[in-house]
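Colleague: I'd like to ask you about the structure that follows.
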Amino acid sequence: MIAHIQGKLVEKSPTHIIIDCGGVGYHVNISLHTYSLLPNTDFIKVYTYLQIKEDAHTLFGFVEKSEREIFKLLLSVSGIGASIARTMLSSLDPKQVTNAIASGDVVTIQSAKGIGSKTAQRVILDLKEKVLKLYDLDEVSMSQSNTNRDEALSALEVLGFVRKSSEKIIEKIVKEDPEASVESIIKKALKNL
């Protein structure tokens, strides 16, 4: 397996990059999350996952090792292929995916294009234990902070704020203070909206 590729960034698009490494151009599929993290330099390093099928050898690249690990975990779930896993990591960042799996948040996982409710439930069923163990998360604190976040988000929606912008601000607040109460999350969010 190819663990990483380091070389000159020749081409860059939201779905793939081409890296020149020793005169060979590698076509590497990427997620939007990785695209957003690509440095503005010509020389880059991406961690890779090589998928070998009968008809193709496909290379997937990630700026962060953690995203690659989540990608591999998602591939282990029946019914999730590389394109769905990549789409999931394009619409949600790796932290959101691990938090959603750890807390059993079907709605967040289902928000990714191509994921139905049965597939979302299967992802949680298959990966919850692995994610809790791998990332050393506590199930109780995960569900508590997630509930506060969801309640605050619902309250802001009722107040007429756009869900997308509210989500970004609430994520930032919860990241800074995971133990924040619903009231404090809403108050802080209102100051930033």
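Here's how to read the names in the structure tokens: chain A, B, ... by the order shown, residue numbers from 1 in each chain, ligand numbers from 1 in the order shown.
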Could you name the residues that touch Ser166 (chain A) at 12 Å or less, counting only C-alpha atoms, but leaving out those on the same chain fewer than 5 positions away, as a PyMOL selection string?
Modeller: chain A and resi 149-161+171-173+185-186+188-193
Colleague: Export C-alpha atoms of the chosen residues as a CSV table (one decimal), in the first residue's frame?
Modeller:
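The resulting file, selection_24.csv, is reproduced below:
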chain,number,residue,atom,x,y,z
A,149,ARG,CA,-25.9,21.6,20.8
A,150,ASP,CA,-29.0,20.2,19.2
A,151,GLU,CA,-31.3,22.1,21.6
A,152,ALA,CA,-29.5,25.3,21.0
A,153,LEU,CA,-29.6,24.9,17.3
A,154,SER,CA,-33.3,24.2,17.4
A,155,ALA,CA,-33.9,27.3,19.5
A,156,LEU,CA,-31.9,29.5,17.0
A,157,GLU,CA,-33.9,28.1,14.1
A,158,VAL,CA,-37.2,29.0,15.9
A,159,LEU,CA,-35.8,32.5,16.4
A,160,GLY,CA,-35.4,32.7,12.6
A,161,PHE,CA,-31.7,32.2,12.1
A,171,GLU,CA,-19.8,24.1,16.7
A,172,LYS,CA,-17.2,26.7,17.5
A,173,ILE,CA,-18.8,27.4,20.9
A,185,ILE,CA,-24.6,28.3,23.9
A,186,ILE,CA,-27.6,30.3,22.7
A,188,LYS,CA,-22.9,33.2,22.9
A,189,ALA,CA,-24.3,32.3,19.5
A,190,LEU,CA,-26.7,35.3,19.5
A,191,LYS,CA,-23.7,37.6,20.1
A,192,ASN,CA,-22.0,36.2,17.0
A,193,LEU,CA,-25.0,36.0,14.6
Colleague: Can you tell me which residues surround Ile115 (chain A) at a distance of at most 12 Å, considering only C-alpha atoms, apart from same-chain residues fewer than 2 positions away, and format the answer as a ChimeraX atom specification?
Modeller: /A:74,79-81,83-88,91,106-113,117-123
Colleague: I need the chosen residues saved as a JSON list (two decimals), in the first residue's frame, with C-alpha atoms.
Modeller:
[["chain", "number", "residue", "atom", "x", "y", "z"],
["A", 74, "LEU", "CA", -16.43, 3.94, 6.80],
["A", 79, "GLY", "CA", -23.16, -0.67, 1.81],
["A", 80, "ILE", "CA", -20.62, 2.16, 1.96],
["A", 81, "GLY", "CA", -18.20, 2.44, -0.90],
["A", 83, "SER", "CA", -17.53, 7.45, -3.25],
["A", 84, "ILE", "CA", -20.12, 7.57, -0.42],
["A", 85, "ALA", "CA", -17.35, 7.73, 2.22],
["A", 86, "ARG", "CA", -15.71, 10.58, 0.31],
["A", 87, "THR", "CA", -19.05, 12.39, -0.06],
["A", 88, "MET", "CA", -19.64, 12.00, 3.66],
["A", 91, "SER", "CA", -20.19, 17.36, 3.68],
["A", 106, "VAL", "CA", -28.43, 9.30, 12.85],
["A", 107, "VAL", "CA", -29.67, 12.69, 11.54],
["A", 108, "THR", "CA", -26.15, 14.13, 11.13],
["A", 109, "ILE", "CA", -24.87, 11.02, 9.34],
["A", 110, "GLN", "CA", -27.99, 10.93, 7.18],
["A", 111, "SER", "CA", -27.39, 14.57, 6.18],
["A", 112, "ALA", "CA", -24.60, 13.38, 3.87],
["A", 113, "LYS", "CA", -25.80, 12.83, 0.30],
["A", 117, "SER", "CA", -31.62, 6.04, 7.40],
["A", 118, "LYS", "CA", -30.80, 2.31, 7.25],
["A", 119, "THR", "CA", -27.23, 2.97, 6.12],
["A", 120, "ALA", "CA", -26.80, 5.67, 8.78],
["A", 121, "GLN", "CA", -28.01, 3.23, 11.45],
["A", 122, "ARG", "CA", -25.66, 0.56, 10.12],
["A", 123, "VAL", "CA", -22.72, 3.01, 10.29]]
Colleague: For Gln51 (chain A), find every residue with an atom within 10 Å (counting only C-alpha atoms), except residues of its own chain fewer than 6 positions away, and show them as a PyMOL selection string.
Modeller: chain A and resi 1+57-60+82
Colleague: Would you mind reading off the distance between CA of Ile2 (chain A) and CA of Lys133 (chain A), one decimal, in Å?
Modeller: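 Rounded to one decimal, the two atoms are 26.2 Å apart.
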Colleague: With a distance cut-off of 9 Å and only C-alpha atoms, select the neighbouring residues of region 29-44 of chain A, excluding the residue or stretch itself and same-chain residues fewer than 2 positions from it, and output the selection as a PDB file with N, CA and C atoms, in the first residue's frame.
Modeller:
ATOM      1  N   ILE A   5       2.092  10.383  -0.299  1.00  0.00           N
ATOM      2  CA  ILE A   5       2.776  10.883  -1.490  1.00  0.00           C
ATOM      3  C   ILE A   5       3.211  12.306  -1.191  1.00  0.00           C
ATOM      4  N   GLN A   6       4.462  12.575  -1.535  1.00  0.00           N
ATOM      5  CA  GLN A   6       5.024  13.901  -1.317  1.00  0.00           C
ATOM      6  C   GLN A   6       5.593  14.372  -2.646  1.00  0.00           C
ATOM      7  N   GLY A   7       5.199  15.546  -3.065  1.00  0.00           N
ATOM      8  CA  GLY A   7       5.712  16.038  -4.329  1.00  0.00           C
ATOM      9  C   GLY A   7       5.128  17.388  -4.691  1.00  0.00           C
ATOM     10  N   LYS A   8       5.264  17.724  -5.978  1.00  0.00           N
ATOM     11  CA  LYS A   8       4.801  19.026  -6.463  1.00  0.00           C
ATOM     12  C   LYS A   8       3.334  18.929  -6.862  1.00  0.00           C
ATOM     13  N   LEU A   9       2.543  19.862  -6.366  1.00  0.00           N
ATOM     14  CA  LEU A   9       1.125  19.928  -6.710  1.00  0.00           C
ATOM     15  C   LEU A   9       1.005  20.522  -8.113  1.00  0.00           C
ATOM     16  N   VAL A  10       0.563  19.701  -9.066  1.00  0.00           N
ATOM     17  CA  VAL A  10       0.475  20.121 -10.462  1.00  0.00           C
ATOM     18  C   VAL A  10      -0.923  20.633 -10.794  1.00  0.00           C
ATOM     19  N   LYS A  12      -5.112  21.081  -9.125  1.00  0.00           N
ATOM     20  CA  LYS A  12      -5.912  21.073  -7.903  1.00  0.00           C
ATOM     21  C   LYS A  12      -7.368  21.384  -8.249  1.00  0.00           C
ATOM     22  N   SER A  13      -8.272  20.498  -7.838  1.00  0.00           N
ATOM     23  CA  SER A  13      -9.704  20.749  -8.007  1.00  0.00           C
ATOM     24  C   SER A  13     -10.394  20.242  -6.743  1.00  0.00           C
ATOM     25  N   PRO A  14     -11.673  20.600  -6.519  1.00  0.00           N
ATOM     26  CA  PRO A  14     -12.352  20.139  -5.300  1.00  0.00           C
ATOM     27  C   PRO A  14     -12.508  18.621  -5.182  1.00  0.00           C
ATOM     28  N   THR A  15     -12.357  17.886  -6.295  1.00  0.00           N
ATOM     29  CA  THR A  15     -12.536  16.435  -6.241  1.00  0.00           C
ATOM     30  C   THR A  15     -11.229  15.651  -6.357  1.00  0.00           C
ATOM     31  N   HIS A  16     -10.212  16.257  -6.935  1.00  0.00           N
ATOM     32  CA  HIS A  16      -8.937  15.541  -7.081  1.00  0.00           C
ATOM     33  C   HIS A  16      -7.756  16.502  -7.181  1.00  0.00           C
ATOM     34  N   ILE A  17      -6.571  15.935  -6.975  1.00  0.00           N
ATOM     35  CA  ILE A  17      -5.336  16.670  -7.184  1.00  0.00           C
ATOM     36  C   ILE A  17      -4.402  15.767  -7.975  1.00  0.00           C
ATOM     37  N   ILE A  18      -3.442  16.394  -8.641  1.00  0.00           N
ATOM     38  CA  ILE A  18      -2.400  15.613  -9.308  1.00  0.00           C
ATOM     39  C   ILE A  18      -1.076  16.060  -8.710  1.00  0.00           C
ATOM     40  N   ILE A  19      -0.337  15.072  -8.198  1.00  0.00           N
ATOM     41  CA  ILE A  19       0.950  15.339  -7.566  1.00  0.00           C
ATOM     42  C   ILE A  19       2.057  14.711  -8.410  1.00  0.00           C
ATOM     43  N   HIS A  27      -2.785  10.767  -9.802  1.00  0.00           N
ATOM     44  CA  HIS A  27      -4.139  11.313  -9.712  1.00  0.00           C
ATOM     45  C   HIS A  27      -4.704  10.846  -8.374  1.00  0.00           C
ATOM     46  N   VAL A  46       0.436  14.280   1.100  1.00  0.00           N
ATOM     47  CA  VAL A  46      -0.890  13.785   1.469  1.00  0.00           C
ATOM     48  C   VAL A  46      -0.780  12.320   1.877  1.00  0.00           C
ATOM     49  N   THR A  58      -7.551   2.929  -7.443  1.00  0.00           N
ATOM     50  CA  THR A  58      -7.913   4.311  -7.169  1.00  0.00           C
ATOM     51  C   THR A  58      -7.215   4.784  -5.910  1.00  0.00           C
ATOM     52  N   LEU A  59      -6.611   5.960  -6.015  1.00  0.00           N
ATOM     53  CA  LEU A  59      -5.860   6.538  -4.907  1.00  0.00           C
ATOM     54  C   LEU A  59      -6.674   7.667  -4.281  1.00  0.00           C
ATOM     55  N   PHE A  60      -6.823   7.624  -2.959  1.00  0.00           N
ATOM     56  CA  PHE A  60      -7.524   8.673  -2.222  1.00  0.00           C
ATOM     57  C   PHE A  60      -6.511   9.354  -1.315  1.00  0.00           C
ATOM     58  N   GLY A  61      -6.576  10.674  -1.248  1.00  0.00           N
ATOM     59  CA  GLY A  61      -5.609  11.426  -0.455  1.00  0.00           C
ATOM     60  C   GLY A  61      -6.253  12.269   0.625  1.00  0.00           C
ATOM     61  N   PHE A  62      -5.512  12.458   1.718  1.00  0.00           N
ATOM     62  CA  PHE A  62      -6.009  13.200   2.878  1.00  0.00           C
ATOM     63  C   PHE A  62      -4.878  14.020   3.476  1.00  0.00           C
ATOM     64  N   VAL A  63      -5.158  15.262   3.834  1.00  0.00           N
ATOM     65  CA  VAL A  63      -4.151  16.102   4.475  1.00  0.00           C
ATOM     66  C   VAL A  63      -3.915  15.614   5.902  1.00  0.00           C
ATOM     67  N   GLU A  64      -4.980  15.149   6.562  1.00  0.00           N
ATOM     68  CA  GLU A  64      -4.877  14.681   7.946  1.00  0.00           C
ATOM     69  C   GLU A  64      -4.956  13.154   8.020  1.00  0.00           C
ATOM     70  N   GLU A  67      -8.446  11.835   9.075  1.00  0.00           N
ATOM     71  CA  GLU A  67      -9.481  11.709   8.043  1.00  0.00           C
ATOM     72  C   GLU A  67      -9.322  10.394   7.291  1.00  0.00           C
ATOM     73  N   ARG A  86     -16.306   9.297   0.689  1.00  0.00           N
ATOM     74  CA  ARG A  86     -15.708  10.585   0.306  1.00  0.00           C
ATOM     75  C   ARG A  86     -16.749  11.696   0.350  1.00  0.00           C
ATOM     76  N   THR A  87     -17.972  11.406  -0.112  1.00  0.00           N
ATOM     77  CA  THR A  87     -19.050  12.394  -0.063  1.00  0.00           C
ATOM     78  C   THR A  87     -19.360  12.761   1.385  1.00  0.00           C
ATOM     79  N   MET A  88     -19.361  11.755   2.247  1.00  0.00           N
ATOM     80  CA  MET A  88     -19.638  12.001   3.659  1.00  0.00           C
ATOM     81  C   MET A  88     -18.583  12.922   4.269  1.00  0.00           C
ATOM     82  N   LEU A  89     -17.315  12.678   3.930  1.00  0.00           N
ATOM     83  CA  LEU A  89     -16.231  13.508   4.459  1.00  0.00           C
ATOM     84  C   LEU A  89     -16.141  14.860   3.748  1.00  0.00           C
ATOM     85  N   SER A  90     -16.899  15.021   2.661  1.00  0.00           N
ATOM     86  CA  SER A  90     -16.965  16.318   1.992  1.00  0.00           C
ATOM     87  C   SER A  90     -18.037  17.196   2.627  1.00  0.00           C
ATOM     88  N   SER A  91     -19.109  16.568   3.100  1.00  0.00           N
ATOM     89  CA  SER A  91     -20.193  17.362   3.681  1.00  0.00           C
ATOM     90  C   SER A  91     -20.043  17.536   5.196  1.00  0.00           C
ATOM     91  N   LEU A  92     -19.308  16.641   5.839  1.00  0.00           N
ATOM     92  CA  LEU A  92     -19.053  16.740   7.286  1.00  0.00           C
ATOM     93  C   LEU A  92     -17.554  16.637   7.516  1.00  0.00           C
ATOM     94  N   ASP A  93     -17.025  17.387   8.471  1.00  0.00           N
ATOM     95  CA  ASP A  93     -15.597  17.217   8.738  1.00  0.00           C
ATOM     96  C   ASP A  93     -15.392  15.973   9.610  1.00  0.00           C
ATOM     97  N   PRO A  94     -14.177  15.431   9.649  1.00  0.00           N
ATOM     98  CA  PRO A  94     -13.935  14.178  10.373  1.00  0.00           C
ATOM     99  C   PRO A  94     -14.396  14.201  11.833  1.00  0.00           C
TER     100      PRO A  94
END
Colleague: Could you give me, as a PyMOL selection string, each residue of region 26-176 of chain A that DSSP assigns to helix (DSSP H, G or I) when run on this structure's backbone?
Modeller: chain A and resi 32-37+65-75+82-91+94-103+106-110+117-134+139-158+163-176
Colleague: Please dump the current selection as a short mmCIF file (atom, residue, chain, number, x, y, z; two decimals), in the first residue's frame; keep C-alpha atoms.
Modeller:
data_model
loop_
_atom_site.label_atom_id
_atom_site.label_comp_id
_atom_site.auth_asym_id
_atom_site.auth_seq_id
_atom_site.Cartn_x
_atom_site.Cartn_y
_atom_site.Cartn_z
CA LEU A 32 -13.81 18.84 0.14
CA HIS A 33 -12.42 18.78 3.68
CA THR A 34 -8.96 17.91 2.36
CA TYR A 35 -9.35 20.47 -0.45
CA SER A 36 -10.01 23.19 2.13
CA LEU A 37 -6.87 22.20 4.08
CA LYS A 65 -4.17 11.10 9.06
CA SER A 66 -7.35 11.17 11.15
CA GLU A 67 -9.48 11.71 8.04
CA ARG A 68 -7.84 8.73 6.36
CA GLU A 69 -8.57 6.53 9.39
CA ILE A 70 -12.25 7.55 9.39
CA PHE A 71 -12.40 6.92 5.63
CA LYS A 72 -11.07 3.39 6.18
CA LEU A 73 -13.55 2.80 9.01
CA LEU A 74 -16.43 3.94 6.80
CA LEU A 75 -15.31 1.55 4.03
CA ALA A 82 -15.38 4.86 -1.49
CA SER A 83 -17.53 7.45 -3.25
CA ILE A 84 -20.12 7.57 -0.42
CA ALA A 85 -17.35 7.73 2.22
CA ARG A 86 -15.71 10.58 0.31
CA THR A 87 -19.05 12.39 -0.06
CA MET A 88 -19.64 12.00 3.66
CA LEU A 89 -16.23 13.51 4.46
CA SER A 90 -16.96 16.32 1.99
CA SER A 91 -20.19 17.36 3.68
CA PRO A 94 -13.94 14.18 10.37
CA LYS A 95 -14.66 15.46 13.90
CA GLN A 96 -18.37 15.77 13.10
CA VAL A 97 -18.41 12.22 11.69
CA THR A 98 -16.71 10.71 14.76
CA ASN A 99 -18.94 12.70 17.15
CA ALA A 100 -22.08 11.68 15.25
CA ILE A 101 -21.06 8.00 15.32
CA ALA A 102 -20.04 8.11 19.00
CA SER A 103 -23.27 9.79 20.07
CA VAL A 106 -28.43 9.30 12.85
CA VAL A 107 -29.67 12.69 11.54
CA THR A 108 -26.15 14.13 11.13
CA ILE A 109 -24.87 11.02 9.34
CA GLN A 110 -27.99 10.93 7.18
CA SER A 117 -31.62 6.04 7.40
CA LYS A 118 -30.80 2.31 7.25
CA THR A 119 -27.23 2.97 6.12
CA ALA A 120 -26.80 5.67 8.78
CA GLN A 121 -28.01 3.23 11.45
CA ARG A 122 -25.66 0.56 10.12
CA VAL A 123 -22.72 3.01 10.29
CA ILE A 124 -23.49 3.73 13.94
CA LEU A 125 -24.10 0.07 14.79
CA ASP A 126 -20.88 -1.11 13.11
CA LEU A 127 -18.56 1.73 14.15
CA LYS A 128 -19.76 3.12 17.49
CA GLU A 129 -17.66 0.78 19.65
CA LYS A 130 -14.59 1.21 17.43
CA VAL A 131 -14.88 5.02 17.43
CA LEU A 132 -15.42 5.24 21.20
CA LYS A 133 -12.40 2.99 21.77
CA LEU A 134 -10.16 4.47 19.06
CA GLU A 139 -20.38 7.91 25.59
CA VAL A 140 -22.18 9.87 28.32
CA SER A 141 -20.37 13.18 27.72
CA MET A 142 -20.80 12.73 23.96
CA SER A 143 -24.57 12.47 24.18
CA GLN A 144 -24.82 15.29 26.73
CA SER A 145 -22.89 17.88 24.69
CA ASN A 146 -24.66 16.73 21.53
CA THR A 147 -28.08 17.22 23.15
CA ASN A 148 -27.15 20.74 24.30
CA ARG A 149 -25.87 21.55 20.83
CA ASP A 150 -29.03 20.23 19.16
CA GLU A 151 -31.34 22.07 21.56
CA ALA A 152 -29.47 25.34 21.04
CA LEU A 153 -29.59 24.86 17.27
CA SER A 154 -33.34 24.22 17.36
CA ALA A 155 -33.89 27.32 19.49
CA LEU A 156 -31.94 29.50 17.05
CA GLU A 157 -33.94 28.09 14.14
CA VAL A 158 -37.18 28.96 15.94
CA ARG A 163 -29.40 26.65 10.21
CA LYS A 164 -26.10 26.56 8.29
CA SER A 165 -24.61 29.70 9.85
CA SER A 166 -25.99 28.79 13.28
CA GLU A 167 -24.37 25.33 13.07
CA LYS A 168 -20.93 26.80 12.37
CA ILE A 169 -21.11 29.20 15.30
CA ILE A 170 -22.50 26.56 17.70
CA GLU A 171 -19.77 24.07 16.69
CA LYS A 172 -17.15 26.71 17.50
CA ILE A 173 -18.76 27.45 20.89
CA VAL A 174 -19.07 23.74 21.81
CA LYS A 175 -15.46 23.14 20.74
CA GLU A 176 -14.25 25.93 23.07
#
Colleague: So which bits of region 40-144 of chain A end up strand (DSSP E or B) when you DSSP the backbone, as a ChimeraX atom specification?
Modeller: /A:43-52,57-62
Colleague: Which distance in Å separates CA of Leu50 (chain A) and CA of Val77 (chain A), to one decimal?
Modeller: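 Computing the Euclidean distance for CA of Leu50 (chain A) and CA of Val77 (chain A) yields 17.2 Å.
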